[in-house]
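structure-v2.cif (mmCIF, C-alpha atoms and all ligand atoms) appears below.
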data_protein
#
loop_
_atom_site.group_PDB
_atom_site.id
_atom_site.type_symbol
_atom_site.label_atom_id
_atom_site.label_comp_id
_atom_site.auth_asym_id
_atom_site.auth_seq_id
_atom_site.Cartn_x
_atom_site.Cartn_y
_atom_site.Cartn_z
ATOM 1 C CA MET A 53 64.768 24.986 47.816
ATOM 2 C CA LEU A 54 62.981 23.847 44.691
ATOM 3 C CA LYS A 55 60.137 26.119 43.628
ATOM 4 C CA LYS A 56 56.697 24.513 43.858
ATOM 5 C CA ILE A 57 56.201 24.559 40.105
ATOM 6 C CA ASP A 58 59.552 22.853 39.526
ATOM 7 C CA ALA A 59 58.947 20.238 42.193
ATOM 8 C CA ALA A 60 55.538 19.484 40.678
ATOM 9 C CA ALA A 61 56.894 19.278 37.120
ATOM 10 C CA ARG A 62 59.673 16.977 38.265
ATOM 11 C CA LEU A 63 57.273 14.683 40.141
ATOM 12 C CA ILE A 64 54.804 14.544 37.254
ATOM 13 C CA GLY A 65 57.689 13.969 34.840
ATOM 14 C CA ARG A 66 58.946 11.063 36.908
ATOM 15 C CA HIS A 67 55.494 9.478 36.695
ATOM 16 C CA SER A 68 54.579 10.574 33.186
ATOM 17 C CA SER A 69 53.836 6.957 32.257
ATOM 18 C CA LEU A 70 50.589 7.299 34.248
ATOM 19 C CA PHE A 71 49.312 9.942 31.845
ATOM 20 C CA GLN A 72 47.736 9.901 28.432
ATOM 21 C CA CYS A 73 46.833 12.864 26.303
ATOM 22 C CA PRO A 74 43.222 13.900 27.009
ATOM 23 C CA VAL A 75 42.913 15.024 23.375
ATOM 24 C CA CYS A 76 44.315 12.094 21.392
ATOM 25 C CA GLY A 77 45.137 9.394 23.949
ATOM 26 C CA LEU A 78 48.873 9.163 23.209
ATOM 27 C CA ALA A 79 51.565 8.784 25.846
ATOM 28 C CA MET A 80 53.006 11.967 27.315
ATOM 29 C CA GLU A 81 56.334 13.290 28.504
ATOM 30 C CA MET A 82 57.365 16.314 30.546
ATOM 31 C CA ASN A 83 59.661 18.681 28.665
ATOM 32 C CA GLU A 84 62.167 21.191 30.057
ATOM 33 C CA ASN A 85 59.552 23.980 29.962
ATOM 34 C CA ARG A 86 57.399 22.062 32.452
ATOM 35 C CA THR A 87 54.905 21.183 29.732
ATOM 36 C CA LEU A 88 53.447 17.699 29.564
ATOM 37 C CA LEU A 89 53.461 16.939 25.869
ATOM 38 C CA CYS A 90 52.172 14.133 23.624
ATOM 39 C CA ARG A 91 53.694 13.197 20.275
ATOM 40 C CA ASN A 92 50.940 15.094 18.490
ATOM 41 C CA ARG A 93 52.191 18.189 20.314
ATOM 42 C CA HIS A 94 49.174 18.627 22.548
ATOM 43 C CA GLY A 95 50.705 20.360 25.535
ATOM 44 C CA PHE A 96 49.611 21.048 29.119
ATOM 45 C CA ASP A 97 51.555 23.408 31.353
ATOM 46 C CA THR A 98 52.394 22.926 34.987
ATOM 47 C CA ALA A 99 50.802 25.761 36.953
ATOM 48 C CA LYS A 100 52.688 27.938 39.411
ATOM 49 C CA PRO A 101 51.015 26.659 42.597
ATOM 50 C CA GLY A 102 52.245 23.158 41.724
ATOM 51 C CA TYR A 103 49.519 21.369 39.780
ATOM 52 C CA ILE A 104 48.817 20.540 36.170
ATOM 53 C CA SER A 105 45.645 21.304 34.265
ATOM 54 C CA LEU A 106 44.695 18.719 31.660
ATOM 55 C CA LEU A 107 41.351 20.176 30.740
ATOM 56 C CA THR A 108 40.702 20.386 27.016
ATOM 57 C CA LYS A 109 38.076 23.063 27.424
ATOM 58 C CA SER A 110 37.200 25.350 30.263
ATOM 59 C CA VAL A 111 34.639 23.821 32.543
ATOM 60 C CA LYS A 112 32.477 25.660 34.976
ATOM 61 C CA SER A 113 32.640 24.124 38.408
ATOM 62 C CA ASP A 114 29.750 24.352 40.839
ATOM 63 C CA TYR A 115 32.110 24.949 43.705
ATOM 64 C CA GLY A 116 33.859 28.212 44.476
ATOM 65 C CA LYS A 117 37.147 28.906 46.191
ATOM 66 C CA ALA A 118 35.367 29.889 49.425
ATOM 67 C CA MET A 119 33.705 26.487 49.643
ATOM 68 C CA PHE A 120 37.050 24.692 49.244
ATOM 69 C CA GLU A 121 38.760 26.933 51.806
ATOM 70 C CA ALA A 122 35.929 26.157 54.228
ATOM 71 C CA ARG A 123 36.282 22.474 53.494
ATOM 72 C CA ASN A 124 40.030 22.633 54.012
ATOM 73 C CA LEU A 125 39.518 24.208 57.451
ATOM 74 C CA VAL A 126 37.014 21.544 58.429
ATOM 75 C CA CYS A 127 39.245 18.722 57.146
ATOM 76 C CA ARG A 128 42.248 20.054 59.014
ATOM 77 C CA SER A 129 40.256 20.052 62.225
ATOM 78 C CA GLY A 130 40.050 16.269 61.861
ATOM 79 C CA PHE A 131 36.448 15.928 60.744
ATOM 80 C CA PHE A 132 37.267 13.044 58.372
ATOM 81 C CA HIS A 133 39.986 11.385 60.450
ATOM 82 C CA PRO A 134 37.956 8.398 61.690
ATOM 83 C CA LEU A 135 36.668 7.777 58.152
ATOM 84 C CA ILE A 136 40.093 8.060 56.539
ATOM 85 C CA GLY A 137 41.591 5.886 59.291
ATOM 86 C CA GLN A 138 39.180 3.091 58.391
ATOM 87 C CA ILE A 139 39.858 3.459 54.679
ATOM 88 C CA GLY A 140 43.574 3.336 55.399
ATOM 89 C CA LYS A 141 43.151 0.049 57.241
ATOM 90 C CA LEU A 142 41.142 -1.346 54.342
ATOM 91 C CA ILE A 143 43.891 -0.497 51.878
ATOM 92 C CA LEU A 144 46.763 -1.587 54.114
ATOM 93 C CA ASN A 145 45.221 -4.960 54.891
ATOM 94 C CA GLY A 146 48.573 -6.705 55.150
ATOM 95 C CA ARG A 147 49.973 -5.112 51.982
ATOM 96 C CA THR A 148 53.736 -4.814 51.701
ATOM 97 C CA GLU A 149 53.867 -3.562 48.110
ATOM 98 C CA PRO A 150 53.873 0.122 47.176
ATOM 99 C CA VAL A 151 50.478 1.498 46.244
ATOM 100 C CA THR A 152 49.295 3.977 43.615
ATOM 101 C CA VAL A 153 46.099 5.760 44.608
ATOM 102 C CA LEU A 154 43.909 8.031 42.509
ATOM 103 C CA ASP A 155 41.538 10.312 44.370
ATOM 104 C CA ALA A 156 38.814 10.956 41.787
ATOM 105 C CA GLY A 157 37.185 14.194 42.898
ATOM 106 C CA CYS A 158 39.953 15.155 45.296
ATOM 107 C CA GLY A 159 38.680 18.693 45.966
ATOM 108 C CA GLU A 160 41.105 20.536 48.246
ATOM 109 C CA GLY A 161 43.185 17.407 48.750
ATOM 110 C CA SER A 162 42.887 16.686 52.475
ATOM 111 C CA PRO A 163 41.411 13.163 52.287
ATOM 112 C CA LEU A 164 44.221 11.932 50.009
ATOM 113 C CA ALA A 165 46.909 13.611 52.107
ATOM 114 C CA GLN A 166 45.453 12.163 55.307
ATOM 115 C CA LEU A 167 45.228 8.730 53.723
ATOM 116 C CA ALA A 168 48.917 8.934 52.829
ATOM 117 C CA ASP A 169 49.675 9.677 56.501
ATOM 118 C CA VAL A 170 47.703 6.637 57.640
ATOM 119 C CA TRP A 171 49.521 4.496 55.073
ATOM 120 C CA LYS A 172 52.939 5.757 56.147
ATOM 121 C CA ARG A 173 52.223 4.980 59.779
ATOM 122 C CA GLY A 174 51.281 1.426 58.752
ATOM 123 C CA THR A 175 54.046 0.416 56.341
ATOM 124 C CA PRO A 176 57.367 1.577 54.909
ATOM 125 C CA ALA A 177 56.098 0.682 51.395
ATOM 126 C CA GLY A 178 55.668 3.638 49.066
ATOM 127 C CA PHE A 179 52.467 5.607 48.574
ATOM 128 C CA LEU A 180 51.958 7.487 45.322
ATOM 129 C CA GLY A 181 48.924 9.763 45.462
ATOM 130 C CA ILE A 182 47.294 11.399 42.453
ATOM 131 C CA GLY A 183 44.419 13.828 42.926
ATOM 132 C CA LEU A 184 42.034 14.722 40.099
ATOM 133 C CA ASP A 185 39.315 17.326 40.243
ATOM 134 C CA LEU A 186 37.377 19.429 37.792
ATOM 135 C CA SER A 187 37.818 22.457 39.970
ATOM 136 C CA LYS A 188 40.975 24.495 39.598
ATOM 137 C CA GLU A 189 40.088 26.306 42.834
ATOM 138 C CA GLY A 190 40.094 23.048 44.785
ATOM 139 C CA VAL A 191 43.265 21.648 43.222
ATOM 140 C CA ALA A 192 45.148 24.920 43.729
ATOM 141 C CA ILE A 193 44.478 24.670 47.476
ATOM 142 C CA ALA A 194 45.576 21.015 47.449
ATOM 143 C CA ALA A 195 48.861 21.983 45.770
ATOM 144 C CA ARG A 196 49.375 24.837 48.208
ATOM 145 C CA GLU A 197 48.779 22.674 51.275
ATOM 146 C CA TYR A 198 50.144 19.239 50.409
ATOM 147 C CA ALA A 199 53.458 18.572 48.704
ATOM 148 C CA GLY A 200 54.518 15.241 47.260
ATOM 149 C CA PHE A 201 51.294 14.446 45.383
ATOM 150 C CA LEU A 202 50.388 14.735 41.712
ATOM 151 C CA TRP A 203 47.585 17.305 41.679
ATOM 152 C CA CYS A 204 45.654 17.457 38.418
ATOM 153 C CA VAL A 205 42.768 19.517 37.122
ATOM 154 C CA GLY A 206 40.864 17.364 34.700
ATOM 155 C CA ASP A 207 37.614 15.831 33.648
ATOM 156 C CA LEU A 208 36.859 12.405 35.092
ATOM 157 C CA ALA A 209 34.721 11.650 32.028
ATOM 158 C CA ARG A 210 37.825 12.031 29.864
ATOM 159 C CA SER A 211 40.476 11.344 32.416
ATOM 160 C CA PRO A 212 44.079 11.944 31.372
ATOM 161 C CA PHE A 213 45.440 8.628 32.666
ATOM 162 C CA ARG A 214 46.433 5.422 30.941
ATOM 163 C CA ASP A 215 44.587 2.132 31.322
ATOM 164 C CA ARG A 216 45.271 0.083 34.436
ATOM 165 C CA SER A 217 47.348 2.708 36.203
ATOM 166 C CA PHE A 218 45.982 2.528 39.757
ATOM 167 C CA ASP A 219 45.764 0.034 42.608
ATOM 168 C CA VAL A 220 43.108 2.032 44.412
ATOM 169 C CA ILE A 221 40.592 4.633 43.306
ATOM 170 C CA LEU A 222 39.169 6.737 46.081
ATOM 171 C CA ASN A 223 35.894 8.535 45.414
ATOM 172 C CA VAL A 224 34.729 10.513 48.434
ATOM 173 C CA LEU A 225 31.366 12.294 48.364
ATOM 174 C CA SER A 226 31.913 12.918 44.688
ATOM 175 C CA ALA A 227 30.475 11.874 41.315
ATOM 176 C CA SER A 228 31.514 8.541 39.810
ATOM 177 C CA ASN A 229 32.337 7.418 36.302
ATOM 178 C CA TYR A 230 32.340 3.645 36.532
ATOM 179 C CA GLY A 231 33.476 3.140 32.928
ATOM 180 C CA GLU A 232 36.583 5.175 33.626
ATOM 181 C CA PHE A 233 37.110 3.541 37.019
ATOM 182 C CA ARG A 234 37.123 0.125 35.331
ATOM 183 C CA ARG A 235 39.546 1.308 32.692
ATOM 184 C CA LEU A 236 41.919 2.939 35.159
ATOM 185 C CA LEU A 237 42.146 0.202 37.774
ATOM 186 C CA ARG A 238 44.844 -2.435 37.627
ATOM 187 C CA LYS A 239 43.915 -6.074 37.751
ATOM 188 C CA ASP A 240 42.830 -6.678 41.360
ATOM 189 C CA GLY A 241 42.572 -2.918 41.877
ATOM 190 C CA ILE A 242 39.837 -1.694 44.176
ATOM 191 C CA LEU A 243 37.370 1.146 44.144
ATOM 192 C CA ILE A 244 36.509 2.787 47.471
ATOM 193 C CA LYS A 245 33.434 4.934 47.201
ATOM 194 C CA VAL A 246 32.200 6.990 50.145
ATOM 195 C CA ILE A 247 28.630 8.212 50.163
ATOM 196 C CA PRO A 248 26.779 10.060 52.914
ATOM 197 C CA GLY A 249 24.705 7.910 55.235
ATOM 198 C CA SER A 250 21.166 8.852 56.196
ATOM 199 C CA GLY A 251 22.298 10.478 59.432
ATOM 200 C CA HIS A 252 25.068 12.560 57.919
ATOM 201 C CA LEU A 253 25.067 16.076 59.388
ATOM 202 C CA ARG A 254 21.485 15.531 60.484
ATOM 203 C CA GLN A 255 21.719 18.425 62.948
ATOM 204 C CA LEU A 256 22.448 20.817 60.090
ATOM 205 C CA ARG A 257 19.802 19.346 57.857
ATOM 206 C CA HIS A 258 17.162 19.618 60.533
ATOM 207 C CA ALA A 259 18.097 23.196 61.189
ATOM 208 C CA LEU A 260 18.218 24.155 57.496
ATOM 209 C CA TYR A 261 15.156 22.421 56.212
ATOM 210 C CA ASP A 262 12.878 21.722 59.162
ATOM 211 C CA ARG A 263 10.615 19.045 57.828
ATOM 212 C CA SER A 264 10.875 19.533 54.081
ATOM 213 C CA PRO A 265 11.398 16.448 51.891
ATOM 214 C CA ARG A 266 15.048 17.362 51.403
ATOM 215 C CA GLN A 267 15.667 15.907 54.833
ATOM 216 C CA ALA A 268 15.271 12.340 53.715
ATOM 217 C CA TYR A 269 17.368 10.694 51.089
ATOM 218 C CA SER A 270 18.368 7.201 50.262
ATOM 219 C CA ASN A 271 21.455 5.592 48.812
ATOM 220 C CA ASP A 272 19.580 2.812 47.011
ATOM 221 C CA LYS A 273 20.134 4.197 43.502
ATOM 222 C CA THR A 274 23.814 4.912 44.087
ATOM 223 C CA ARG A 275 24.331 1.453 45.489
ATOM 224 C CA ALA A 276 22.478 -0.218 42.598
ATOM 225 C CA LEU A 277 24.584 1.638 40.046
ATOM 226 C CA PHE A 278 27.766 0.636 41.876
ATOM 227 C CA LEU A 279 26.663 -3.020 41.794
ATOM 228 C CA ARG A 280 26.018 -2.907 38.051
ATOM 229 C CA HIS A 281 29.728 -2.303 37.460
ATOM 230 C CA PHE A 282 31.531 -3.592 40.539
ATOM 231 C CA ASP A 283 31.356 -6.625 42.801
ATOM 232 C CA MET A 284 31.009 -5.571 46.426
ATOM 233 C CA LEU A 285 33.999 -6.730 48.478
ATOM 234 C CA ASP A 286 33.058 -4.855 51.609
ATOM 235 C CA GLU A 287 30.430 -2.416 52.731
ATOM 236 C CA ARG A 288 30.463 -0.591 55.997
ATOM 237 C CA GLN A 289 28.779 2.151 57.896
ATOM 238 C CA ILE A 290 31.031 4.599 59.672
ATOM 239 C CA ARG A 291 29.269 6.914 62.078
ATOM 240 C CA TYR A 292 30.651 9.211 64.751
ATOM 241 C CA ASP A 293 29.883 12.477 66.481
ATOM 242 C CA VAL A 294 32.194 15.421 66.081
ATOM 243 C CA ALA A 295 32.394 18.194 68.672
ATOM 244 C CA LEU A 296 32.541 21.600 67.023
ATOM 245 C CA GLN A 297 34.438 24.632 68.175
ATOM 246 C CA GLU A 298 32.498 27.839 67.760
ATOM 247 C CA GLU A 299 34.547 28.877 64.731
ATOM 248 C CA GLN A 300 34.066 25.542 62.962
ATOM 249 C CA LEU A 301 30.311 25.746 62.467
ATOM 250 C CA GLU A 302 30.278 28.311 59.699
ATOM 251 C CA PRO A 303 32.876 26.579 57.475
ATOM 252 C CA LEU A 304 31.045 23.303 57.994
ATOM 253 C CA VAL A 305 27.760 24.848 56.888
ATOM 254 C CA ARG A 306 29.465 26.584 53.959
ATOM 255 C CA MET A 307 31.158 23.426 52.684
ATOM 256 C CA THR A 308 28.017 21.376 52.861
ATOM 257 C CA PRO A 309 26.205 20.655 49.626
ATOM 258 C CA LEU A 310 23.022 20.674 51.680
ATOM 259 C CA SER A 311 23.339 24.395 52.073
ATOM 260 C CA TRP A 312 23.497 25.039 48.328
ATOM 261 C CA GLY A 313 19.793 25.370 48.000
ATOM 262 C CA ALA A 314 19.495 27.252 51.260
ATOM 263 C CA ARG A 315 18.842 30.947 51.367
ATOM 264 C CA ASP A 316 21.249 33.097 53.303
ATOM 265 C CA GLU A 317 18.670 33.772 56.012
ATOM 266 C CA GLN A 318 18.370 30.009 56.554
ATOM 267 C CA ILE A 319 22.142 29.736 56.889
ATOM 268 C CA GLN A 320 22.207 32.630 59.330
ATOM 269 C CA ARG A 321 19.508 30.941 61.361
ATOM 270 C CA VAL A 322 21.585 27.771 61.577
ATOM 271 C CA LEU A 323 24.640 29.721 62.680
ATOM 272 C CA ARG A 324 22.613 31.353 65.455
ATOM 273 C CA LEU A 325 21.635 27.937 66.779
ATOM 274 C CA ALA A 326 25.252 27.500 67.867
ATOM 275 C CA ILE A 327 25.275 23.770 67.156
ATOM 276 C CA ARG A 328 28.152 22.209 69.087
ATOM 277 C CA GLU A 329 28.039 18.624 67.885
ATOM 278 C CA VAL A 330 27.312 17.046 64.514
ATOM 279 C CA THR A 331 27.010 13.486 63.324
ATOM 280 C CA ALA A 332 29.277 12.242 60.563
ATOM 281 C CA ASP A 333 27.684 9.241 58.869
ATOM 282 C CA PHE A 334 29.191 7.531 55.852
ATOM 283 C CA THR A 335 28.660 4.390 53.851
ATOM 284 C CA VAL A 336 31.861 2.995 52.409
ATOM 285 C CA LEU A 337 31.495 0.738 49.359
ATOM 286 C CA VAL A 338 34.529 -1.298 48.374
ATOM 287 C CA GLY A 339 34.426 -3.015 45.011
ATOM 288 C CA ARG A 340 36.353 -4.796 42.335
ATOM 289 C CA ALA A 341 35.390 -4.412 38.689
ATOM 290 C CA LYS A 342 33.098 -7.166 37.420
ATOM 291 C CA VAL A 343 34.751 -9.528 34.979
ATOM 292 C CA ARG A 344 33.080 -9.221 31.588
HETATM 293 ZN ZN ZN B 1 47.624 14.447 22.093
#

Spit out the file's structure as C-alpha cells when you get a sec.
Amino acid sequence: MLKKIDAAARLIGRHSSLFQCPVCGLAMEMNENRTLLCRNRHGFDTAKPGYISLLTKSVKSDYGKAMFEARNLVCRSGFFHPLIGQIGKLILNGRTEPVTVLDAGCGEGSPLAQLADVWKRGTPAGFLGIGLDLSKEGVAIAAREYAGFLWCVGDLARSPFRDRSFDVILNVLSASNYGEFRRLLRKDGILIKVIPGSGHLRQLRHALYDRSPRQAYSNDKTRALFLRHFDMLDERQIRYDVALQEEQLEPLVRMTPLSWGARDEQIQRVLRLAIREVTADFTVLVGRAKVR
C-alpha cells in the first residue's frame, strides 16, 4: 500500500495546476522528492501525515490540537450531518459535471469529507475536495482521518491557489476573505458561507454565561459584508436539536468558541449540568461574486 505521504504527493502533483507559489505567484509542480516547487525554486514539502504546508512564515493559530480532536469526535457523531446534507443538495442541484470544492477554514476536515459523501450518493460525477486551514494541528487530523483530499496548511489571506480554480468555496464557521474568494472562484462559482444562528448551542451559552451580554449576538454585520462582495442566491436557516450521549458533552463544550473566554470552573459547571440535548442553528448564505 502507498504510504500516506506518497499518496498525498501524488494527488497534489496530479492537481498541481490548482496551485500557485505563495511567495511569488508562479505556477508550481511536484518533484520526485515530494516538494511542490515553483520556477523561482520556492519549495514546499509534503508532510508525513499526508498534507502540504504552504505557509511562508510560521503563524500562531488560536486553536490547539485538543480542540480539533474534540471537534473531530463531535463531527463523527453526526452533529453536522443535517447541515452538510442541505449544503450537498444545494451544490448537487441537478449538476452532472464534476465539481472542485475548496473548504476555506477546513479545520479537522470532517465537513468537507461528509460533503463528498453526500455528493457521491447523489451523482457519479467526480468530487475534488481541497481543504485549507491555518492550523497545522487541524489539517494533520484531516489528513489522518480522510484520504483522497488535498489537505493544505496555508493562509487564506495569501492563498496558494491560482485564479478561478474552484466551482464551490465552502466557509463553515470560519473567517472569510472575500477578495480571495472572488479571485479563486470560477465564473458561475458559488460561495457557501455558514454562520451560527442566534439559537446555536443556546443551552451551552445559557449555562456558561447566565445572562451576560455574550449571550446575544447578531449576524447583521457578517451579512452586510457578504452582500458588499457577493449577490445572495439563497439564504436559509437550518435548525435542529441534537441528542447528546454523556461522553459527547465535554468535546462539544471544548470545541466551542463560546467556551474560549470561559474559566475552567464555568466549564466544569456546564459539564455537571449533564445537558442531554443541544440546538444546532445555522444560517447558510449562498452567493455569487458581484460583477464589477
Ligand atoms: Zn515562488

Can you spell out as number ranges by chain the set of residues that the PyMOL selection byres (((chain A and resi 87-103) around 8) and not hetatm) selects in the structure I just provided? A: 56-61, 65, 72-73, 75-76, 78-86, 104-106, 191-192, 195-196, 202-205

With distances taken over only C-alpha atoms and all ligand atoms, which residue among A:Glu298, A:Ser129, A:Val305, A:Pro212 lies nearest ligand ZN 1 (chain B)? A:Pro212

If you measure from atom CA of A:Thr148 to atom CA of A:Pro176, what distance in Å do you get, rounded to one decimal? 8.0 Å

Taking (27.4, 6.7, 62.9) in the coordinates of the supplied file, I want to know which residues reach to within 6 Å of it, counting only C-alpha atoms; could you give the answer as a JSON list (two decimals) with C-alpha atoms, keeping the file's coordinate frame?
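Okay, selection-v4.json is ready:
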[["chain", "number", "residue", "atom", "x", "y", "z"],
["A", 290, "ILE", "CA", 31.03, 4.60, 59.67],
["A", 291, "ARG", "CA", 29.27, 6.91, 62.08],
["A", 292, "TYR", "CA", 30.65, 9.21, 64.75],
["A", 333, "ASP", "CA", 27.68, 9.24, 58.87]]

Mind pulling up the distance from atom CA of A:Lys273 to atom CA of A:Met119? 26.8 Å
